[in-house]
>>> print(open('data_16.cif').read())   # mmCIF, C-alpha atoms
data_input
loop_
_atom_site.label_atom_id
_atom_site.label_comp_id
_atom_site.auth_asym_id
_atom_site.auth_seq_id
_atom_site.Cartn_x
_atom_site.Cartn_y
_atom_site.Cartn_z
CA ALA A 18 89.36 201.52 17.21
CA LEU A 19 87.20 198.85 18.85
CA LEU A 20 87.21 200.78 22.11
CA GLU A 21 86.22 203.92 20.22
CA THR A 22 83.28 202.00 18.73
CA LEU A 23 82.24 200.81 22.18
CA ALA A 24 82.54 204.37 23.46
CA GLU A 25 80.16 205.55 20.72
CA ILE A 26 77.65 202.85 21.64
CA ASP A 27 78.03 203.75 25.30
CA ARG A 28 77.44 207.43 24.52
CA LEU A 29 74.16 206.67 22.77
CA CYS A 30 72.98 204.21 25.40
CA ASP A 31 73.75 206.68 28.16
CA ALA A 32 71.87 209.45 26.35
CA TYR A 33 68.77 207.31 25.94
CA GLY A 34 68.89 205.32 29.17
CA ILE A 35 69.49 201.97 27.46
CA LYS A 36 71.30 199.16 29.23
CA TYR A 37 73.52 196.78 27.26
CA TYR A 38 75.42 193.66 28.22
CA TYR A 39 78.69 192.07 27.19
CA VAL A 40 78.06 188.48 26.10
CA GLY A 41 80.27 185.50 25.39
CA GLU A 42 83.94 186.17 26.15
CA THR A 43 83.74 189.88 25.39
CA ALA A 44 84.72 191.06 28.87
CA GLU A 45 87.93 189.02 28.68
CA GLU A 46 88.60 190.19 25.13
CA ILE A 47 88.29 193.84 26.12
CA GLU A 48 90.99 193.34 28.73
CA LYS A 49 93.20 191.93 25.98
CA ILE A 50 92.48 194.97 23.80
CA LYS A 51 93.72 197.22 26.58
CA ASP A 52 96.96 195.28 26.74
CA PHE A 53 97.26 194.91 22.94
CA THR A 54 97.89 191.18 23.35
CA SER A 55 95.03 189.63 21.39
CA ASP A 56 95.28 188.71 17.72
CA SER A 57 91.61 187.85 17.34
CA LEU A 58 89.02 190.06 18.95
CA ASP A 59 85.31 189.40 19.04
CA VAL A 60 83.26 192.04 20.78
CA HIS A 61 79.65 191.03 21.28
CA ILE A 62 77.00 193.00 23.12
CA ALA A 63 73.28 192.46 23.60
CA MET A 64 70.20 194.42 24.58
CA LYS A 65 66.69 193.50 25.63
CA ARG A 66 64.55 193.24 22.49
CA VAL A 67 62.52 196.39 23.19
CA ASP A 68 65.73 198.41 23.62
CA TYR A 69 67.32 196.76 20.58
CA MET A 70 64.45 197.77 18.30
CA ASN A 71 64.49 201.30 19.72
CA PHE A 72 68.26 201.44 19.23
CA GLN A 73 67.82 200.78 15.50
CA GLN A 74 66.07 204.14 15.22
CA ILE A 75 68.61 205.84 17.48
CA LEU A 76 71.46 204.58 15.30
CA GLN A 77 69.75 205.96 12.20
CA GLU A 78 69.31 209.39 13.75
CA GLU A 79 72.18 209.82 16.20
CA LEU A 80 75.19 207.69 15.24
CA GLY A 81 78.36 209.78 15.01
CA PRO A 82 79.75 210.56 11.54
CA TRP A 83 82.80 208.33 11.96
CA PHE A 84 80.60 205.25 12.30
CA ASP A 85 78.05 203.29 10.34
CA TYR A 86 75.75 200.38 11.07
CA ARG A 87 74.18 197.51 9.20
CA SER A 88 71.10 195.51 10.09
CA ILE A 89 68.33 193.58 8.38
CA TYR A 90 66.11 196.60 9.03
CA SER A 91 68.40 199.23 7.52
CA ASN A 92 70.23 197.40 4.70
CA ALA A 93 68.42 195.26 2.16
CA ASP A 94 71.58 193.21 1.51
CA HIS A 95 72.32 192.47 5.19
CA VAL A 96 71.91 188.76 5.94
CA ASP A 97 72.54 188.36 9.65
CA MET A 98 70.20 188.67 12.64
CA LYS A 99 72.86 190.75 14.38
CA THR A 100 73.43 194.46 13.85
CA TYR A 101 77.00 195.59 13.14
CA ILE A 102 78.28 198.99 14.25
CA ILE A 103 81.44 199.72 12.29
CA THR A 104 84.06 202.42 11.68
CA ASP A 105 83.72 203.08 7.96
CA ALA A 106 81.12 205.82 7.49
CA TYR A 107 83.23 208.94 7.44
CA ASP A 108 84.28 210.42 4.08
CA THR A 109 87.96 210.85 4.87
CA SER A 110 91.00 212.21 3.16
CA ASP A 111 94.30 210.31 3.19
CA GLY A 112 95.47 209.67 6.73
CA GLU A 113 92.40 211.11 8.40
CA TYR A 114 90.83 207.75 9.21
CA GLU A 115 94.12 206.39 10.55
CA SER A 116 94.56 209.46 12.72
CA ARG A 117 91.02 209.26 14.11
CA PHE A 118 91.38 205.63 15.12
CA HIS A 119 94.85 205.68 16.67
CA GLY A 120 96.71 204.34 13.67
CA CYS A 121 94.30 201.50 12.96
CA LEU A 122 93.87 201.14 9.20
CA ASP A 123 91.26 198.37 9.44
CA ILE A 124 87.51 198.72 9.53
CA VAL A 125 86.45 197.23 12.86
CA GLY A 126 83.11 196.75 14.50
CA VAL A 127 80.98 195.50 17.35
CA ASP A 128 78.08 193.14 16.86
CA LEU A 129 74.84 193.82 18.67
CA ALA A 130 72.17 191.19 19.27
CA PRO A 131 68.70 191.26 20.82
CA ILE A 132 67.80 189.32 23.96
CA ASP A 133 64.45 187.57 23.46
CA MET A 134 61.94 186.14 25.89
CA VAL A 135 61.52 182.35 25.88
CA ASN A 136 58.10 180.77 26.34
CA ASP A 137 57.74 178.84 29.58
CA ASP A 138 56.06 176.05 27.63
CA ASP A 139 59.00 173.97 26.39
CA SER A 140 56.99 172.53 23.48
CA VAL A 141 56.20 176.03 22.20
CA GLU A 142 59.83 177.09 22.54
CA GLU A 143 61.09 173.98 20.76
CA LEU A 144 58.73 174.66 17.85
CA LYS A 145 59.94 178.27 17.63
CA ARG A 146 63.55 177.13 17.73
CA THR A 147 62.86 174.66 14.91
CA VAL A 148 61.19 177.31 12.76
CA ILE A 149 63.99 179.83 13.34
CA THR A 150 66.58 177.18 12.46
CA GLN A 151 64.72 176.27 9.26
CA LEU A 152 64.47 179.90 8.17
CA LEU A 153 68.17 180.48 8.82
CA GLN A 154 69.11 177.33 6.93
CA ILE A 155 66.98 178.12 3.89
CA ALA A 156 67.92 181.82 3.71
CA PRO A 157 71.37 181.34 2.04
CA SER A 158 69.79 179.27 -0.75
CA MET A 159 67.27 181.98 -1.61
CA PRO A 160 67.91 184.25 -4.61
CA THR A 161 68.51 187.92 -3.94
CA GLU A 162 67.03 189.78 -6.90
CA PRO A 163 63.55 189.57 -8.45
CA PRO A 164 61.80 188.50 -10.54
CA TYR A 165 61.57 185.10 -8.85
CA ASN A 166 60.27 181.93 -10.45
CA ASP A 167 57.11 180.12 -9.38
CA VAL A 168 58.99 177.51 -7.32
CA ILE A 169 60.59 180.23 -5.19
CA LEU A 170 57.33 182.14 -4.87
CA ASP A 171 55.57 178.97 -3.71
CA ILE A 172 58.18 178.54 -0.97
CA VAL A 173 57.67 182.16 0.08
CA LYS A 174 53.90 181.64 0.19
CA GLN A 175 54.25 178.47 2.28
CA TYR A 176 56.31 180.29 4.89
CA GLU A 177 54.00 183.29 4.89
CA ASP A 178 51.02 181.02 5.59
CA MET A 179 52.88 179.05 8.24
CA LEU A 180 54.25 182.08 10.08
CA GLY A 181 51.46 184.57 9.53
CA VAL A 182 53.95 187.19 8.40
CA GLU A 183 54.51 189.00 5.12
CA ILE A 184 57.66 188.21 3.15
CA ASN A 185 58.41 190.81 0.52
CA ALA A 186 58.62 188.87 -2.75
CA GLU A 187 60.05 191.94 -4.47
CA GLY A 188 62.99 192.24 -2.10
CA ASN A 189 66.21 190.36 -1.37
CA LEU A 190 64.82 187.02 -0.21
CA GLN A 191 67.89 186.16 1.83
CA ASN A 192 67.38 189.35 3.80
CA GLU A 193 63.63 188.69 3.99
CA PHE A 194 64.10 185.22 5.45
CA PHE A 195 66.46 186.57 8.10
CA LYS A 196 63.78 189.14 8.95
CA ALA A 197 61.21 186.35 9.19
CA ALA A 198 63.47 184.45 11.60
CA ASP A 199 63.86 187.59 13.67
CA ASN A 200 60.08 188.07 13.73
CA VAL A 201 59.62 184.55 15.06
CA ALA A 202 62.36 185.14 17.64
CA MET A 203 60.67 188.24 19.04
CA SER A 204 57.12 186.88 19.01
CA ASP A 205 57.11 186.02 22.73
CA ALA A 206 57.24 189.17 24.81
CA ASP A 207 55.54 188.15 28.05
CA ASP A 208 57.42 189.59 31.03
CA ARG A 209 56.16 186.70 33.16
CA PHE A 210 58.42 184.26 31.30
CA ARG A 211 61.47 183.19 33.26
CA ARG A 212 64.03 182.59 30.51
CA VAL A 213 65.67 184.45 27.66
CA ARG A 214 67.94 183.64 24.73
CA ILE A 215 70.16 185.47 22.28
CA SER A 216 68.30 184.27 19.22
CA SER A 217 70.94 185.23 16.65
CA ASP A 218 73.26 182.63 18.19
CA ILE A 219 71.06 179.94 16.63
CA ALA A 220 72.56 180.89 13.25
CA GLU A 221 75.95 179.80 14.64
CA GLY A 222 74.67 176.53 16.05
CA ILE A 223 74.57 177.89 19.59
CA TYR A 224 71.39 177.47 21.60
CA GLN A 225 71.53 178.52 25.22
CA LEU A 226 68.81 179.64 27.59
CA TYR A 227 69.51 182.08 30.40
CA ASP A 228 67.65 183.00 33.55
CA LYS A 229 66.36 186.47 32.72
CA THR A 230 67.49 187.77 36.11
CA LEU A 231 71.06 187.60 34.77
CA PHE A 232 70.07 190.54 32.57
CA ASP A 233 68.16 192.40 35.30
CA MET A 234 64.92 191.57 33.52
#
>>> encode(input="data_16.cif", output="structure tokens")
Amino acid sequence: ALLETLAEIDRLCDAYGIKYYYVGETAEEIEKIKDFTSDSLDVHIAMKRVDYMNFQQILQEELGPWFDYRSIYSNADHVDMKTYIITDAYDTSDGEYESRFHGCLDIVGVDLAPIDMVNDDDSVEELKRTVITQLLQIAPSMPTEPPYNDVILDIVKQYEDMLGVEINAEGNLQNEFFKAADNVAMSDADDRFRRVRISSDIAEGIYQLYDKTLFDM
């Protein structure tokens, strides 16, 4: 079922000329899938930010009926900077889902993250990293349904003024703070910069910079 999900992603990327990359230990995990020897599979892929944002629209319009996706841009209750492409969209009758996915009864998925440019000025990058970390740390403590009290609205206003972005005070504030973190992450888009990062990893306490040539950028 995971390989079928990857095949669907590959189909869309091929149709639209989008390049994606396996990240982390995904390449090794895929080999384990083929041999059916792994009990815990984590399949992570990434795309350059411009492709990632374009892919959000492609998923909305072109994703096959057996699949669904969730992102902060498509689902108001999604609270992760990654997009998840999963196998639970099709309205099936008994046994149909199992048959389609080779006997797999579980909903499985692949997570997709954007690759962001990193400012060559280390002081600028460190500030951005700090802001992203703060937004990700405060997001889980935010309420999810309005109306919000004045204390919460003051916090929202403070972050709006600091970031220069609009935070929808009528929406799910956890989702909105993840969006704000993503906006900060993508705010450097200068092709002259030498480094990139997978910004969503910051939510998991992982901060690693890569030479952008590793991603053919």
>>> residues_around(input="data_16.cif", residues="segment 160-173 of chain A", least_positions_apart="3", cutoff="8 Å", atoms="only C-alpha atoms", output="PyMOL selection string")
chain A and resi 176-177+184+186-192
>>> resolve_selection(input="data_16.cif", expression="the PyMOL selection byres ((chain A and resi 197) around 12)", output="PyMOL selection string")
chain A and resi 89-90+96-98+145+148-153+155-156+173+176-177+179-185+190-196+198-204
>>> write_last_selection(input="data_16.cif", atoms="C-alpha atoms", output="PDB file, in the coordinates of the input")
ATOM      1  CA  ILE A  89      68.330 193.580   8.380  1.00  0.00           C
ATOM      2  CA  TYR A  90      66.110 196.600   9.030  1.00  0.00           C
ATOM      3  CA  VAL A  96      71.910 188.760   5.940  1.00  0.00           C
ATOM      4  CA  ASP A  97      72.540 188.360   9.650  1.00  0.00           C
ATOM      5  CA  MET A  98      70.200 188.670  12.640  1.00  0.00           C
ATOM      6  CA  LYS A 145      59.940 178.270  17.630  1.00  0.00           C
ATOM      7  CA  VAL A 148      61.190 177.310  12.760  1.00  0.00           C
ATOM      8  CA  ILE A 149      63.990 179.830  13.340  1.00  0.00           C
ATOM      9  CA  THR A 150      66.580 177.180  12.460  1.00  0.00           C
ATOM     10  CA  GLN A 151      64.720 176.270   9.260  1.00  0.00           C
ATOM     11  CA  LEU A 152      64.470 179.900   8.170  1.00  0.00           C
ATOM     12  CA  LEU A 153      68.170 180.480   8.820  1.00  0.00           C
ATOM     13  CA  ILE A 155      66.980 178.120   3.890  1.00  0.00           C
ATOM     14  CA  ALA A 156      67.920 181.820   3.710  1.00  0.00           C
ATOM     15  CA  VAL A 173      57.670 182.160   0.080  1.00  0.00           C
ATOM     16  CA  TYR A 176      56.310 180.290   4.890  1.00  0.00           C
ATOM     17  CA  GLU A 177      54.000 183.290   4.890  1.00  0.00           C
ATOM     18  CA  MET A 179      52.880 179.050   8.240  1.00  0.00           C
ATOM     19  CA  LEU A 180      54.250 182.080  10.080  1.00  0.00           C
ATOM     20  CA  GLY A 181      51.460 184.570   9.530  1.00  0.00           C
ATOM     21  CA  VAL A 182      53.950 187.190   8.400  1.00  0.00           C
ATOM     22  CA  GLU A 183      54.510 189.000   5.120  1.00  0.00           C
ATOM     23  CA  ILE A 184      57.660 188.210   3.150  1.00  0.00           C
ATOM     24  CA  ASN A 185      58.410 190.810   0.520  1.00  0.00           C
ATOM     25  CA  LEU A 190      64.820 187.020  -0.210  1.00  0.00           C
ATOM     26  CA  GLN A 191      67.890 186.160   1.830  1.00  0.00           C
ATOM     27  CA  ASN A 192      67.380 189.350   3.800  1.00  0.00           C
ATOM     28  CA  GLU A 193      63.630 188.690   3.990  1.00  0.00           C
ATOM     29  CA  PHE A 194      64.100 185.220   5.450  1.00  0.00           C
ATOM     30  CA  PHE A 195      66.460 186.570   8.100  1.00  0.00           C
ATOM     31  CA  LYS A 196      63.780 189.140   8.950  1.00  0.00           C
ATOM     32  CA  ALA A 198      63.470 184.450  11.600  1.00  0.00           C
ATOM     33  CA  ASP A 199      63.860 187.590  13.670  1.00  0.00           C
ATOM     34  CA  ASN A 200      60.080 188.070  13.730  1.00  0.00           C
ATOM     35  CA  VAL A 201      59.620 184.550  15.060  1.00  0.00           C
ATOM     36  CA  ALA A 202      62.360 185.140  17.640  1.00  0.00           C
ATOM     37  CA  MET A 203      60.670 188.240  19.040  1.00  0.00           C
ATOM     38  CA  SER A 204      57.120 186.880  19.010  1.00  0.00           C
TER      39      SER A 204
END
>>> residues_around(input="data_16.cif", residues="segment 102-109 of chain A", least_positions_apart="2", cutoff="12 Å", atoms="all atoms listed in the file", output="number ranges by chain")
A: 18-26, 60-62, 72-73, 76-77, 80-88, 91, 99-100, 111-118, 121-130
>>> resolve_selection(input="data_16.cif", expression="the PyMOL selection byres ((chain A and resi 224) around 12)", output="ChimeraX atom specification")
/A:135,142-143,146-147,149-150,213-223,225-227
>>> closest_residue(input="data_16.cif", among="A:Met70, A:Met64, A:Ala206, A:Ile75", to="Asp137 of chain A", atoms="only C-alpha atoms")
A:Ala206
>>> atom_distance(input="data_16.cif", atom1="atom CA of Tyr33 of chain A", atom2="atom CA of Ala63 of chain A")
15.7 Å
>>> atom_distance(input="data_16.cif", atom1="atom CA of Arg212 of chain A", atom2="atom CA of Lys229 of chain A")
5.0 Å
>>> atom_distance(input="data_16.cif", atom1="atom CA of Cys30 of chain A", atom2="atom CA of Asp94 of chain A")
26.3 Å
>>> closest_residue(input="data_16.cif", among="A:Gly41, A:Gly120, A:Pro157, A:Gly34", to="Asn71 of chain A", atoms="all atoms listed in the file")
A:Gly34
>>> closest_residue(input="data_16.cif", among="A:Val40, A:Met134, A:Arg66, A:Asp59", to="Asp205 of chain A", atoms="only C-alpha atoms")
A:Met134
>>> build_atoms(input="data_16.cif", residues="segment 85-96 of chain A", atoms="all heavy atoms", output="PDB file, in the frame of the given file")
ATOM      1  N   ASP A  85      79.198 203.718  11.116  1.00  0.00           N
ATOM      2  CA  ASP A  85      78.050 203.290  10.340  1.00  0.00           C
ATOM      3  C   ASP A  85      77.474 202.043  11.006  1.00  0.00           C
ATOM      4  O   ASP A  85      78.090 201.488  11.925  1.00  0.00           O
ATOM      5  CB  ASP A  85      78.466 202.981   8.893  1.00  0.00           C
ATOM      6  CG  ASP A  85      77.303 203.057   7.921  1.00  0.00           C
ATOM      7  OD1 ASP A  85      76.147 203.165   8.379  1.00  0.00           O
ATOM      8  OD2 ASP A  85      77.534 202.987   6.716  1.00  0.00           O
ATOM      9  N   TYR A  86      76.313 201.622  10.547  1.00  0.00           N
ATOM     10  CA  TYR A  86      75.750 200.380  11.070  1.00  0.00           C
ATOM     11  C   TYR A  86      75.014 199.651   9.966  1.00  0.00           C
ATOM     12  O   TYR A  86      74.591 200.245   8.976  1.00  0.00           O
ATOM     13  CB  TYR A  86      74.835 200.649  12.262  1.00  0.00           C
ATOM     14  CG  TYR A  86      73.453 201.147  11.907  1.00  0.00           C
ATOM     15  CD1 TYR A  86      72.341 200.301  11.991  1.00  0.00           C
ATOM     16  CD2 TYR A  86      73.232 202.457  11.497  1.00  0.00           C
ATOM     17  CE1 TYR A  86      71.075 200.751  11.663  1.00  0.00           C
ATOM     18  CE2 TYR A  86      71.966 202.918  11.186  1.00  0.00           C
ATOM     19  CZ  TYR A  86      70.891 202.055  11.266  1.00  0.00           C
ATOM     20  OH  TYR A  86      69.630 202.506  10.937  1.00  0.00           O
ATOM     21  N   ARG A  87      74.883 198.350  10.160  1.00  0.00           N
ATOM     22  CA  ARG A  87      74.180 197.510   9.200  1.00  0.00           C
ATOM     23  C   ARG A  87      73.283 196.549   9.959  1.00  0.00           C
ATOM     24  O   ARG A  87      73.699 195.922  10.928  1.00  0.00           O
ATOM     25  CB  ARG A  87      75.166 196.713   8.331  1.00  0.00           C
ATOM     26  CG  ARG A  87      76.120 197.574   7.536  1.00  0.00           C
ATOM     27  CD  ARG A  87      76.981 196.762   6.597  1.00  0.00           C
ATOM     28  NE  ARG A  87      76.190 196.089   5.580  1.00  0.00           N
ATOM     29  CZ  ARG A  87      75.733 196.692   4.469  1.00  0.00           C
ATOM     30  NH1 ARG A  87      76.008 197.966   4.247  1.00  0.00           N
ATOM     31  NH2 ARG A  87      75.019 196.030   3.592  1.00  0.00           N
ATOM     32  N   SER A  88      72.046 196.459   9.497  1.00  0.00           N
ATOM     33  CA  SER A  88      71.100 195.510  10.090  1.00  0.00           C
ATOM     34  C   SER A  88      70.106 195.076   9.029  1.00  0.00           C
ATOM     35  O   SER A  88      70.024 195.680   7.948  1.00  0.00           O
ATOM     36  CB  SER A  88      70.349 196.150  11.269  1.00  0.00           C
ATOM     37  OG  SER A  88      69.306 196.993  10.801  1.00  0.00           O
ATOM     38  N   ILE A  89      69.338 194.036   9.327  1.00  0.00           N
ATOM     39  CA  ILE A  89      68.330 193.580   8.380  1.00  0.00           C
ATOM     40  C   ILE A  89      67.236 194.631   8.188  1.00  0.00           C
ATOM     41  O   ILE A  89      66.508 194.596   7.197  1.00  0.00           O
ATOM     42  CB  ILE A  89      67.692 192.243   8.819  1.00  0.00           C
ATOM     43  CG1 ILE A  89      67.204 192.304  10.268  1.00  0.00           C
ATOM     44  CG2 ILE A  89      68.646 191.094   8.604  1.00  0.00           C
ATOM     45  CD1 ILE A  89      66.502 191.044  10.730  1.00  0.00           C
ATOM     46  N   TYR A  90      67.147 195.576   9.123  1.00  0.00           N
ATOM     47  CA  TYR A  90      66.110 196.600   9.030  1.00  0.00           C
ATOM     48  C   TYR A  90      66.581 197.857   8.304  1.00  0.00           C
ATOM     49  O   TYR A  90      65.763 198.664   7.885  1.00  0.00           O
ATOM     50  CB  TYR A  90      65.609 196.961  10.434  1.00  0.00           C
ATOM     51  CG  TYR A  90      65.049 195.763  11.160  1.00  0.00           C
ATOM     52  CD1 TYR A  90      65.757 195.148  12.183  1.00  0.00           C
ATOM     53  CD2 TYR A  90      63.833 195.212  10.784  1.00  0.00           C
ATOM     54  CE1 TYR A  90      65.255 194.029  12.828  1.00  0.00           C
ATOM     55  CE2 TYR A  90      63.327 194.092  11.419  1.00  0.00           C
ATOM     56  CZ  TYR A  90      64.037 193.506  12.441  1.00  0.00           C
ATOM     57  OH  TYR A  90      63.539 192.387  13.064  1.00  0.00           O
ATOM     58  N   SER A  91      67.874 198.021   8.154  1.00  0.00           N
ATOM     59  CA  SER A  91      68.400 199.230   7.520  1.00  0.00           C
ATOM     60  C   SER A  91      69.066 198.974   6.176  1.00  0.00           C
ATOM     61  O   SER A  91      69.220 199.891   5.376  1.00  0.00           O
ATOM     62  CB  SER A  91      69.408 199.930   8.441  1.00  0.00           C
ATOM     63  OG  SER A  91      70.553 199.117   8.637  1.00  0.00           O
ATOM     64  N   ASN A  92      69.478 197.728   5.924  1.00  0.00           N
ATOM     65  CA  ASN A  92      70.230 197.400   4.700  1.00  0.00           C
ATOM     66  C   ASN A  92      69.627 196.176   4.041  1.00  0.00           C
ATOM     67  O   ASN A  92      69.639 195.087   4.625  1.00  0.00           O
ATOM     68  CB  ASN A  92      71.700 197.142   5.033  1.00  0.00           C
ATOM     69  CG  ASN A  92      72.343 198.299   5.752  1.00  0.00           C
ATOM     70  OD1 ASN A  92      72.262 198.396   6.971  1.00  0.00           O
ATOM     71  ND2 ASN A  92      72.979 199.191   5.014  1.00  0.00           N
ATOM     72  N   ALA A  93      69.114 196.341   2.852  1.00  0.00           N
ATOM     73  CA  ALA A  93      68.420 195.260   2.160  1.00  0.00           C
ATOM     74  C   ALA A  93      69.333 194.082   1.829  1.00  0.00           C
ATOM     75  O   ALA A  93      68.855 192.969   1.579  1.00  0.00           O
ATOM     76  CB  ALA A  93      67.782 195.782   0.875  1.00  0.00           C
ATOM     77  N   ASP A  94      70.656 194.296   1.834  1.00  0.00           N
ATOM     78  CA  ASP A  94      71.580 193.210   1.510  1.00  0.00           C
ATOM     79  C   ASP A  94      72.208 192.585   2.761  1.00  0.00           C
ATOM     80  O   ASP A  94      73.075 191.714   2.652  1.00  0.00           O
ATOM     81  CB  ASP A  94      72.680 193.694   0.568  1.00  0.00           C
ATOM     82  CG  ASP A  94      73.518 194.821   1.168  1.00  0.00           C
ATOM     83  OD1 ASP A  94      73.080 195.423   2.177  1.00  0.00           O
ATOM     84  OD2 ASP A  94      74.598 195.102   0.633  1.00  0.00           O
ATOM     85  N   HIS A  95      71.773 193.017   3.940  1.00  0.00           N
ATOM     86  CA  HIS A  95      72.320 192.470   5.190  1.00  0.00           C
ATOM     87  C   HIS A  95      71.658 191.126   5.475  1.00  0.00           C
ATOM     88  O   HIS A  95      70.436 191.020   5.470  1.00  0.00           O
ATOM     89  CB  HIS A  95      72.079 193.437   6.336  1.00  0.00           C
ATOM     90  CG  HIS A  95      72.793 193.060   7.607  1.00  0.00           C
ATOM     91  ND1 HIS A  95      74.164 193.149   7.745  1.00  0.00           N
ATOM     92  CD2 HIS A  95      72.341 192.596   8.794  1.00  0.00           C
ATOM     93  CE1 HIS A  95      74.510 192.779   8.958  1.00  0.00           C
ATOM     94  NE2 HIS A  95      73.416 192.416   9.618  1.00  0.00           N
ATOM     95  N   VAL A  96      72.458 190.104   5.735  1.00  0.00           N
ATOM     96  CA  VAL A  96      71.910 188.760   5.940  1.00  0.00           C
ATOM     97  C   VAL A  96      72.466 188.165   7.236  1.00  0.00           C
ATOM     98  O   VAL A  96      73.160 187.158   7.239  1.00  0.00           O
ATOM     99  CB  VAL A  96      72.169 187.836   4.734  1.00  0.00           C
ATOM    100  CG1 VAL A  96      71.260 188.220   3.582  1.00  0.00           C
ATOM    101  CG2 VAL A  96      73.618 187.874   4.288  1.00  0.00           C
TER     102      VAL A  96
END
